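> One structure coming up, written as structure tokens, with questions to follow.
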Amino acid sequence: MHILVTNDDGPPGPASPYVHSLVRALQKAGHIVSVCLPDTQRSWIGKAHMIGRTVKPVYYRPPVSYDTLDDGTPQGTIHRLPSRGPDAVEEWVLVDGTPASCAQIGLHHVFRERGPVDLVVSGPNFGRNSTALFALSSGTLGAALEAAVCRHRSIALSWAHFKDRQNPKDPSIIEEATRHSVRVIEALAAQWPADGSVDLYTVNVALLPGLEGRRTMFTPMLQNYWGDGGTCFTEVEGSVGDEDEEEERIRGNEGSAKSQTANGVKANGDEEDEGTKGLIHRHFKWKPRFEDVYRSVEEAPPGNDGWAVKEGHTSVTPMKANFWQAASHLHGKELNLEMQKSIEEKPSPSPPSPATGKSTLVLRLKDHFYALIAYEDAYVNPLIISALEALFPAEYFTMLSKPLNADKDDTISLAKLLPNPKANVLQITPYEAIDWDFVAASPGTCLVNSYMLRKALIRKHYLAATVEHWVAKRPDSILKNHVKRSEAFEVDYAEFLDDALVEAFDLRASLERNEALLGGTDEGADGDESEEKSIRGVEWWILKPGMSDRGQGIRLFCTMGQLQDIFDGWEAERPDSEGEDENEDEGENRENGGGNDDEDEGDYITTSQLRHFVAQPYIDPPLLLPGDNRKFHIRTYVACIGGLDIYVYKPMLALFAGKPYVAPKYNQEQSGSAELHDIDLEAHLTNTCLQRSVSENTVQPFWDLPLPPFTSSSASPSPLPAPQDAKEHIFGQICEITGEVFEAAARTMQMHFRPLPNAFEVFGLDFLVDTTGHVYLLEVNSFPDFRQTGDELKGLVAGLWREVLGRAVGGFFGSKMRKGQGQEEGAREQLVLVRHVDLGF
């Protein structure tokens with residue numbers, strides 16, 4: 001076909017990132033492509049022409065390829081005159097007119113030598129043109145309508161982007177959208193009705209990963225209106241700003257618009273008095289209330305173009321060249337992209353309507369559920385949405401949008417979002433956003449991604465108490481030897497440290513033995529006092545603030561003097577505050593929420609964390625890899641579903657320290673000094689967020705590690721596993737420890753760990769392995785920081801969420817998963833069930 005391409009965004013650039021890709025794809029598909037575009041952005045101009053003006057062209061020579069991520073470097077060149085003769089090169093025509101003018105000039109003037117135009121494609125527009133409010137002002141539709149009134153078939157193509165879910169200029173998503181758009185264009189051209197019932201189509205493609213696998217459906221255009229009393233302009237002073245930036249802002253901010261009171265205009269008009277009568281001189285800037293558009297889509301019944309785009313589908317709306325929708329008998333059907341000669345409807349779960357014999361659009365199935373996915377993490381949120389869409393057919397769920405004015409820590413009222421408070425709903429959000437009253441009132445219809453109470457596991461001092469209580473009644477429990485004994489204590493001020501350790505018998509006894517081995521008190525040191533000492537029998541301890549996260553506040557010590565110095569140093573840095581109780585409440589809320597990705601990454605710990613502490617014997621020597629002397633711990637993702645099944649995700653991660661491991665040594669010169677805590681913790685701590693000198697391969701897949709042979713130990717008389725079984729030996733211990741610690745919390749700490757049948761949660765558990773292959777549990781984290789996995793291993797996190805949602809969501813709602821995506825009998829297990837705890841639900 002000879003295809004004329006035009007648009008309203010202008011030549012390739014920051015405001016027009018898609019046209020180059022489409023032109024190249026159409027050429028690759030074998031079509032002759034002529035291009036006539038406005039020389040600058042002409043959005044929101046509709047089907048206008050500029051009367052009384054001479055329209056002049058210039059000539060754009062496009063590059064072979066176009067980098068959508070480089071907005072700063074000009075790509076392609078513009079020339080005043082065209083190239084001609086044997087050395088003529090590819091050129092696009094740019095005119096200083098409107099999109100409709102481009103259609104006229106392209107059809108009848110500049111490309112006459114190439115023969116008749118078979119099809120006009122206007123777009124792809126940088127943003128959606130769904131619903132009447134967008135379409136009526138769209139320059140993209142204006143160009144297609146102009147072509148239609150010139151008796152040429154035309155397609156208006158728009159790409160709707162969702163900046164909170166996908167970078168709209170990501171080359172991979174543009175490539176996928178381009179392939180899909182070419183298929184849609186060719187299918188529509190091949191199946192164009194011969195009865196004259198359709199003049200043009202307006203197509204909206206949802207720019208989301210996996211768009212080629214989503215539905216492409218004929219839809220009506222949603223009739224919507226501006227809100228009552230709303231104005232599309234706001235009063236401004238001075239410059240009205242950059243038009244390209246304003247267009248991108250308007251097009252890209254769906255879901256983030258804030259409510260305005262008449263866009264800054266007083267509801268009752270300007271108050272006047274006798275001295276201010278008459279008109280007031282003002283400037284006005286185009287600033288429409290697009291929350292009206294988005295609200296109309298949410299409130300309208302499903303099946304329209306706005307709904308289809310919101311759900312991630314491609315909408316195709318047949319039109320006549322009079323702004324009237326055409327071929328309404330197609331609405332609800334799907335476009336055949338297999339190039340059949342007639343439009344056929346794909347199999348639908350619902351039977352044909354007996355009244356009309358026509359198929360109806362499936363709106364709500366028995367197992368249908370609504371889904372609010374707002375994890376507030378740009379790394380993992382798209383992975384969760386992709387997992388949901390891969391597992392469940394589109395007709396089984398409807399996505400909900402987070403309220404426009406909701407802040408990160410605001411509770412989201414599901415009752416206000418749902419069309420029916422008894423509807424099935426899945427909520428995956430930060431802990432603070434969960435409406436626990438609604439969860440409690442909807443045990444059979446509401447599924448959330450967190451338990452309400454899990455302090456018994458995720459707070460270090462509570463975890464120590466959980467293990468202590470469980471082992472006291474079950475001395476044969478695996479936790480006895482796989483969780484280091486802990487001394488939990490509370491300190492408000494450094495001067496009271498000695499009193500706080502009155503009942504920490506094991507800790508005090510250990511420190512006293514260490515001081516004896518090291519030559520007595522600090523004052524008794526001899527001439528070698530400046531040398532570091534590594535004396536056999538000295539037991540090092542690790543101090544952890546009970547409410548800190550991201551490795552903050554962790555210290556190593558082996559004497560009472562060192563421990564006192566740590567607290568003295570913190571107290572010197574501690575800000576004066578009388579709001580201790582308030583800070584404690586803030587810490588409690590943070591503990592419930594989890595991730596804390598926005599917290600400062602410094603090593604200072606806040607007042608709310610300076611109270612509860614845990615001290616444990618330091619695990620030395622740790623297992624190190626051959627040729628790599630960095631210490632590492634194993635991050636294991638654990639899914640708890642309902643009340644209570646505990647799963648361990650087999651693909652685990654190894655997180656490495658930033659520097660080579662050196663066993664801790666005692667420096668007599670440092671004892672009693674403020675520099676004690678300056679020990680190089682990068683060699684000892686494997687928290688990636690603390691590393692200032694991050695080296696290569698900081699995060700690696702556990703199953704790819706070249707583990708060394710284990711050493712024998714008198715404490716572990718059992719025979720050592722064969723090298724090929726070493727990883728399975730470690731994994732077996734991790735599974736048994738995990739099942740045991742969650743059951744311990746559920747049975748002995750009910751006030752602080754309460755699984756719910758209508759909830760699930762993903763935890764991050766950290767384990768350390770010593771040189772004998774003995775595994776120790778370090779800590780349990782809620783809302784783990786998935787970003788530490790990195791982009792190269794993002795597939796591991798994606799697989800985790802697919803399996804978790806398959807079990808949790810499919811099991812709770814009974815929704816039918818896509819073929820091949822469920823947990824069929826005999827399928828490879830990655831999420832391993834390690835414990836079922838019957839809590840009587």
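Every chain in the structure tokens has a letter given in the order shown (A, B, ...), and although residue numbers restart at 1 in each chain, ligands are simply numbered from 1 in the order shown.
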Pick out the residues sitting within 7 Å of Pro99 (chain A), and hand them over as a PyMOL selection string; count only C-alpha atoms, and ignore anything fewer than 6 positions along from it in its own chain.

chain A and resi 7-8+37-38+42+139-140+142-143

> Quick one: write out the picked residues with C-alpha atoms as a PDB file, in the first residue's frame?


ATOM      1  CA  ASN A   7       0.415  13.503  13.059  1.00  0.00           C
ATOM      2  CA  ASP A   8      -0.139  16.449  15.380  1.00  0.00           C
ATOM      3  CA  LEU A  37       3.899  16.487   9.365  1.00  0.00           C
ATOM      4  CA  PRO A  38       3.436  19.844  11.101  1.00  0.00           C
ATOM      5  CA  ARG A  42      -0.046  21.167  16.941  1.00  0.00           C
ATOM      6  CA  GLY A 139      -5.275  17.059  16.070  1.00  0.00           C
ATOM      7  CA  THR A 140      -4.552  13.375  15.452  1.00  0.00           C
ATOM      8  CA  GLY A 142      -8.471  16.025  12.930  1.00  0.00           C
ATOM      9  CA  ALA A 143      -5.962  14.869  10.314  1.00  0.00           C
TER      10      ALA A 143
END

> Write down as an mmCIF file with N, CA and C atoms, in the first residue's frame the residues belonging to region 714-791 of chain A that are assigned helix (DSSP H, G or I) by DSSP computed on the backbone.


data_model
loop_
_atom_site.group_PDB
_atom_site.id
_atom_site.type_symbol
_atom_site.label_atom_id
_atom_site.label_comp_id
_atom_site.auth_asym_id
_atom_site.auth_seq_id
_atom_site.Cartn_x
_atom_site.Cartn_y
_atom_site.Cartn_z
ATOM 1 N N PRO A 723 30.194 -32.505 47.682
ATOM 2 C CA PRO A 723 30.165 -31.147 47.120
ATOM 3 C C PRO A 723 28.941 -30.868 46.276
ATOM 4 N N GLN A 724 28.513 -31.853 45.470
ATOM 5 C CA GLN A 724 27.352 -31.606 44.618
ATOM 6 C C GLN A 724 26.067 -31.486 45.412
ATOM 7 N N ASP A 725 26.087 -31.955 46.668
ATOM 8 C CA ASP A 725 24.887 -31.879 47.503
ATOM 9 C C ASP A 725 24.943 -30.714 48.485
ATOM 10 N N ALA A 726 26.012 -29.915 48.451
ATOM 11 C CA ALA A 726 26.198 -28.866 49.458
ATOM 12 C C ALA A 726 25.071 -27.841 49.407
ATOM 13 N N LYS A 727 24.679 -27.420 48.202
ATOM 14 C CA LYS A 727 23.623 -26.410 48.088
ATOM 15 C C LYS A 727 22.285 -26.970 48.542
ATOM 16 N N GLU A 728 21.990 -28.208 48.178
ATOM 17 C CA GLU A 728 20.744 -28.816 48.641
ATOM 18 C C GLU A 728 20.757 -28.981 50.155
ATOM 19 N N HIS A 729 21.945 -29.271 50.716
ATOM 20 C CA HIS A 729 22.083 -29.381 52.170
ATOM 21 C C HIS A 729 21.741 -28.046 52.839
ATOM 22 N N ILE A 730 22.247 -26.943 52.263
ATOM 23 C CA ILE A 730 21.940 -25.619 52.799
ATOM 24 C C ILE A 730 20.462 -25.305 52.627
ATOM 25 N N PHE A 731 19.930 -25.586 51.433
ATOM 26 C CA PHE A 731 18.525 -25.288 51.161
ATOM 27 C C PHE A 731 17.612 -26.088 52.088
ATOM 28 N N GLY A 732 17.965 -27.322 52.367
ATOM 29 C CA GLY A 732 17.151 -28.131 53.282
ATOM 30 C C GLY A 732 17.088 -27.527 54.674
ATOM 31 N N GLN A 733 18.224 -27.022 55.167
ATOM 32 C CA GLN A 733 18.228 -26.369 56.477
ATOM 33 C C GLN A 733 17.371 -25.108 56.460
ATOM 34 N N ILE A 734 17.492 -24.335 55.376
ATOM 35 C CA ILE A 734 16.720 -23.091 55.276
ATOM 36 C C ILE A 734 15.226 -23.387 55.310
ATOM 37 N N CYS A 735 14.809 -24.409 54.592
ATOM 38 C CA CYS A 735 13.385 -24.753 54.577
ATOM 39 C C CYS A 735 12.900 -25.156 55.964
ATOM 40 N N GLU A 736 13.683 -25.973 56.660
ATOM 41 C CA GLU A 736 13.254 -26.445 57.982
ATOM 42 C C GLU A 736 13.241 -25.300 58.996
ATOM 43 N N ILE A 737 14.265 -24.435 58.952
ATOM 44 C CA ILE A 737 14.310 -23.285 59.868
ATOM 45 C C ILE A 737 13.130 -22.364 59.612
ATOM 46 N N THR A 738 12.844 -22.104 58.344
ATOM 47 C CA THR A 738 11.762 -21.180 57.992
ATOM 48 C C THR A 738 10.422 -21.687 58.496
ATOM 49 N N GLY A 739 10.104 -22.929 58.211
ATOM 50 C CA GLY A 739 8.832 -23.478 58.684
ATOM 51 C C GLY A 739 8.715 -23.430 60.189
ATOM 52 N N GLU A 740 9.817 -23.716 60.869
ATOM 53 C CA GLU A 740 9.797 -23.764 62.326
ATOM 54 C C GLU A 740 9.611 -22.378 62.945
ATOM 55 N N VAL A 741 10.310 -21.359 62.409
ATOM 56 C CA VAL A 741 10.233 -20.042 63.034
ATOM 57 C C VAL A 741 8.859 -19.412 62.819
ATOM 58 N N PHE A 742 8.237 -19.639 61.660
ATOM 59 C CA PHE A 742 6.901 -19.090 61.449
ATOM 60 C C PHE A 742 5.863 -19.815 62.301
ATOM 61 N N GLU A 743 6.015 -21.113 62.459
ATOM 62 C CA GLU A 743 5.084 -21.824 63.343
ATOM 63 C C GLU A 743 5.291 -21.391 64.784
ATOM 64 N N ALA A 744 6.549 -21.170 65.181
ATOM 65 C CA ALA A 744 6.821 -20.706 66.542
ATOM 66 C C ALA A 744 6.125 -19.381 66.807
ATOM 67 N N ALA A 745 6.202 -18.460 65.860
ATOM 68 C CA ALA A 745 5.549 -17.167 66.048
ATOM 69 C C ALA A 745 4.036 -17.304 66.095
ATOM 70 N N ALA A 746 3.490 -18.157 65.233
ATOM 71 C CA ALA A 746 2.039 -18.314 65.162
ATOM 72 C C ALA A 746 1.466 -18.979 66.406
ATOM 73 N N ARG A 747 2.225 -19.847 67.036
ATOM 74 C CA ARG A 747 1.684 -20.611 68.182
ATOM 75 C C ARG A 747 2.057 -20.027 69.537
ATOM 76 N N THR A 748 3.169 -19.310 69.633
ATOM 77 C CA THR A 748 3.590 -18.822 70.948
ATOM 78 C C THR A 748 3.469 -17.311 71.098
ATOM 79 N N PHE A 786 13.128 -5.294 47.065
ATOM 80 C CA PHE A 786 13.395 -6.114 45.890
ATOM 81 C C PHE A 786 14.402 -5.463 44.959
ATOM 82 N N ARG A 787 14.574 -4.157 45.067
ATOM 83 C CA ARG A 787 15.470 -3.470 44.140
ATOM 84 C C ARG A 787 16.910 -3.920 44.266
ATOM 85 N N GLN A 788 17.284 -4.452 45.449
ATOM 86 C CA GLN A 788 18.653 -4.904 45.620
ATOM 87 C C GLN A 788 18.964 -6.089 44.707
ATOM 88 N N THR A 789 17.931 -6.723 44.155
ATOM 89 C CA THR A 789 18.139 -7.824 43.227
ATOM 90 C C THR A 789 18.790 -7.330 41.942
#

> Go ahead and compute the interatomic distance for CA of Ser712 (chain A) and CA of Gly773 (chain A), in Å to one decimal.

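It comes out at 9.0 Å.
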
> Counting only C-alpha atoms, which residues of region 79-166 of chain A fall within 8 Å of region 28-34 of chain A, and what is the closest atom pair for each with its distance in Å at one decimal, ordered by chain and rising number, as JSON lines?


{"residue": "A:Trp92", "atom": "CA", "partner": "A:Ser34", "partner_atom": "CA", "distance": 7.2}
{"residue": "A:Gly106", "atom": "CA", "partner": "A:Ser34", "partner_atom": "CA", "distance": 7.8}
{"residue": "A:Phe111", "atom": "CA", "partner": "A:Ser34", "partner_atom": "CA", "distance": 7.1}

> Which residue gives the smallest distance to His633 (chain A) among A:Asn481, A:Gln27, A:Thr698, A:Thr559, with only C-alpha atoms counted?

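Checking each of A:Asn481, A:Gln27, A:Thr698, A:Thr559 against His633 (chain A), counting only C-alpha atoms, the winner is A:Thr698.
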
> Please compute the CA of His313 (chain A)-CA of Asp71 (chain A) distance, one decimal, in Å.

28.5 Å

> Find the residues near Leu133 (chain A): any atom within 12 Å, counting only C-alpha atoms, skip ones fewer than 6 places away on the same chain, and give them as a list in words.

Trp44, Gly46, Met221, Leu222, Gln223, Asn224, Tyr225, Trp226, Gly227, Cys232, Pro288, Arg289, Phe290, Glu291, Asp292, Val293, Tyr294, Ser296, Val297 and Gly306 of chain A

> Could you pull the residues within 10 Å of region 181-190 of chain A, counting only C-alpha atoms, minus those fewer than 4 positions along the same chain, as a ChimeraX atom specification?

/A:1,22-23,25-26,29,118-119,121,124,153-159,175-177,200-201,203-205,212,216,314,316,335-343

> Write out as a tab-separated table (two decimals) with N, CA and C atoms, in the first residue's frame which residues come within 10 Å of region 376-388 of chain A when counting only C-alpha atoms, dropping same-chain ones fewer than 5 positions away.


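As a result, around18.tsv now contains:
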chain	number	residue	atom	x	y	z
A	163	LYS	N	2.73	6.50	33.06
A	163	LYS	CA	4.08	6.73	33.55
A	163	LYS	C	4.37	6.05	34.87
A	164	ASP	N	3.31	5.74	35.67
A	164	ASP	CA	3.56	5.07	36.93
A	164	ASP	C	3.78	3.58	36.74
A	165	ARG	N	3.56	3.09	35.51
A	165	ARG	CA	3.71	1.66	35.26
A	165	ARG	C	4.72	1.33	34.18
A	166	GLN	N	5.05	2.29	33.33
A	166	GLN	CA	5.94	2.01	32.21
A	166	GLN	C	6.50	3.32	31.66
A	208	LEU	N	1.69	-0.75	27.48
A	208	LEU	CA	2.05	-1.54	28.65
A	208	LEU	C	2.76	-2.82	28.19
A	209	PRO	N	3.65	-3.37	29.01
A	209	PRO	CA	4.34	-4.60	28.62
A	209	PRO	C	3.34	-5.71	28.31
A	210	GLY	N	3.66	-6.50	27.30
A	210	GLY	CA	2.78	-7.59	26.92
A	210	GLY	C	1.57	-7.15	26.13
A	371	ALA	N	-8.74	-5.28	41.22
A	371	ALA	CA	-7.36	-5.33	41.70
A	371	ALA	C	-6.82	-3.90	41.83
A	393	PRO	N	-6.91	-14.30	32.71
A	393	PRO	CA	-7.47	-13.64	31.51
A	393	PRO	C	-8.05	-12.28	31.87
A	394	ALA	N	-8.04	-11.38	30.89
A	394	ALA	CA	-8.43	-9.99	31.15
A	394	ALA	C	-9.85	-9.89	31.68
A	397	PHE	N	-10.55	-9.92	35.80
A	397	PHE	CA	-10.28	-8.89	36.79
A	397	PHE	C	-10.32	-7.51	36.15
A	399	MET	N	-8.75	-3.57	36.84
A	399	MET	CA	-7.79	-2.79	37.61
A	399	MET	C	-8.45	-1.55	38.19
A	408	LYS	N	1.28	8.75	50.03
A	408	LYS	CA	1.89	7.44	50.15
A	408	LYS	C	1.43	6.69	51.38
A	428	ILE	N	-2.84	-4.79	46.71
A	428	ILE	CA	-1.40	-4.93	46.92
A	428	ILE	C	-0.82	-3.53	47.00
A	429	THR	N	-0.59	-3.08	48.21
A	429	THR	CA	-0.16	-1.70	48.48
A	429	THR	C	0.80	-1.72	49.67
A	430	PRO	N	1.41	-0.57	50.00
A	430	PRO	CA	2.14	-0.48	51.27
A	430	PRO	C	1.22	-0.77	52.45
A	595	GLY	N	9.39	-1.76	53.99
A	595	GLY	CA	10.50	-1.41	53.12
A	595	GLY	C	11.37	-0.22	53.48
A	597	ASP	N	12.21	2.44	51.87
A	597	ASP	CA	13.17	2.79	50.83
A	597	ASP	C	13.49	4.26	50.81
A	785	ASP	N	13.24	-5.20	50.28
A	785	ASP	CA	13.68	-4.30	49.22
A	785	ASP	C	14.07	-5.13	48.00
A	786	PHE	N	13.13	-5.29	47.07
A	786	PHE	CA	13.39	-6.11	45.89
A	786	PHE	C	14.40	-5.46	44.96
A	787	ARG	N	14.57	-4.16	45.07
A	787	ARG	CA	15.47	-3.47	44.14
A	787	ARG	C	16.91	-3.92	44.27
A	788	GLN	N	17.28	-4.45	45.45
A	788	GLN	CA	18.65	-4.90	45.62
A	788	GLN	C	18.96	-6.09	44.71
A	789	THR	N	17.93	-6.72	44.16
A	789	THR	CA	18.14	-7.82	43.23
A	789	THR	C	18.79	-7.33	41.94
A	790	GLY	N	18.48	-6.09	41.54
A	790	GLY	CA	19.08	-5.52	40.34
A	790	GLY	C	18.32	-5.90	39.08
A	791	ASP	N	18.65	-5.19	38.00
A	791	ASP	CA	17.96	-5.41	36.73
A	791	ASP	C	18.31	-6.75	36.09
A	794	LYS	N	16.11	-9.40	37.54
A	794	LYS	CA	14.72	-9.01	37.74
A	794	LYS	C	13.77	-10.18	37.47
A	795	GLY	N	14.17	-11.07	36.58
A	795	GLY	CA	13.33	-12.23	36.28
A	795	GLY	C	13.07	-13.10	37.49
A	797	VAL	N	12.60	-12.03	40.60
A	797	VAL	CA	11.51	-11.41	41.35
A	797	VAL	C	10.19	-11.57	40.60
A	798	ALA	N	10.24	-11.44	39.27
A	798	ALA	CA	9.02	-11.62	38.47
A	798	ALA	C	8.46	-13.02	38.65
A	799	GLY	N	9.34	-14.03	38.64
A	799	GLY	CA	8.89	-15.40	38.85
A	799	GLY	C	8.30	-15.62	40.22
A	800	LEU	N	8.89	-14.97	41.24
A	800	LEU	CA	8.35	-15.06	42.59
A	800	LEU	C	6.91	-14.58	42.63
A	801	TRP	N	6.65	-13.41	42.07
A	801	TRP	CA	5.29	-12.85	42.14
A	801	TRP	C	4.30	-13.66	41.31
A	802	ARG	N	4.76	-14.23	40.20
A	802	ARG	CA	3.86	-15.08	39.43
A	802	ARG	C	3.40	-16.27	40.26
A	803	GLU	N	4.33	-16.89	40.95
A	803	GLU	CA	3.96	-18.09	41.73
A	803	GLU	C	3.15	-17.70	42.96
A	804	VAL	N	3.51	-16.61	43.62
A	804	VAL	CA	2.78	-16.20	44.81
A	804	VAL	C	1.35	-15.83	44.45
A	805	LEU	N	1.16	-15.03	43.40
A	805	LEU	CA	-0.19	-14.64	43.02
A	805	LEU	C	-0.98	-15.83	42.50
A	806	GLY	N	-0.30	-16.75	41.83
A	806	GLY	CA	-1.00	-17.94	41.36
A	806	GLY	C	-1.61	-18.72	42.50
A	809	VAL	N	-3.93	-15.62	44.99
A	809	VAL	CA	-5.10	-15.02	44.36
A	809	VAL	C	-5.98	-16.10	43.74
A	817	MET	N	-6.90	-19.62	35.99
A	817	MET	CA	-5.67	-19.06	35.45
A	817	MET	C	-5.51	-19.45	33.99
A	821	GLN	N	-0.07	-21.34	32.95
A	821	GLN	CA	0.46	-20.38	33.91
A	821	GLN	C	0.18	-20.80	35.35

> Identify which of the residues A:Arg835, A:Pro82, A:Leu768, A:His49 lies closest to Arg61 (chain A), counting only C-alpha atoms when measuring atom-to-atom distances.

A:Pro82
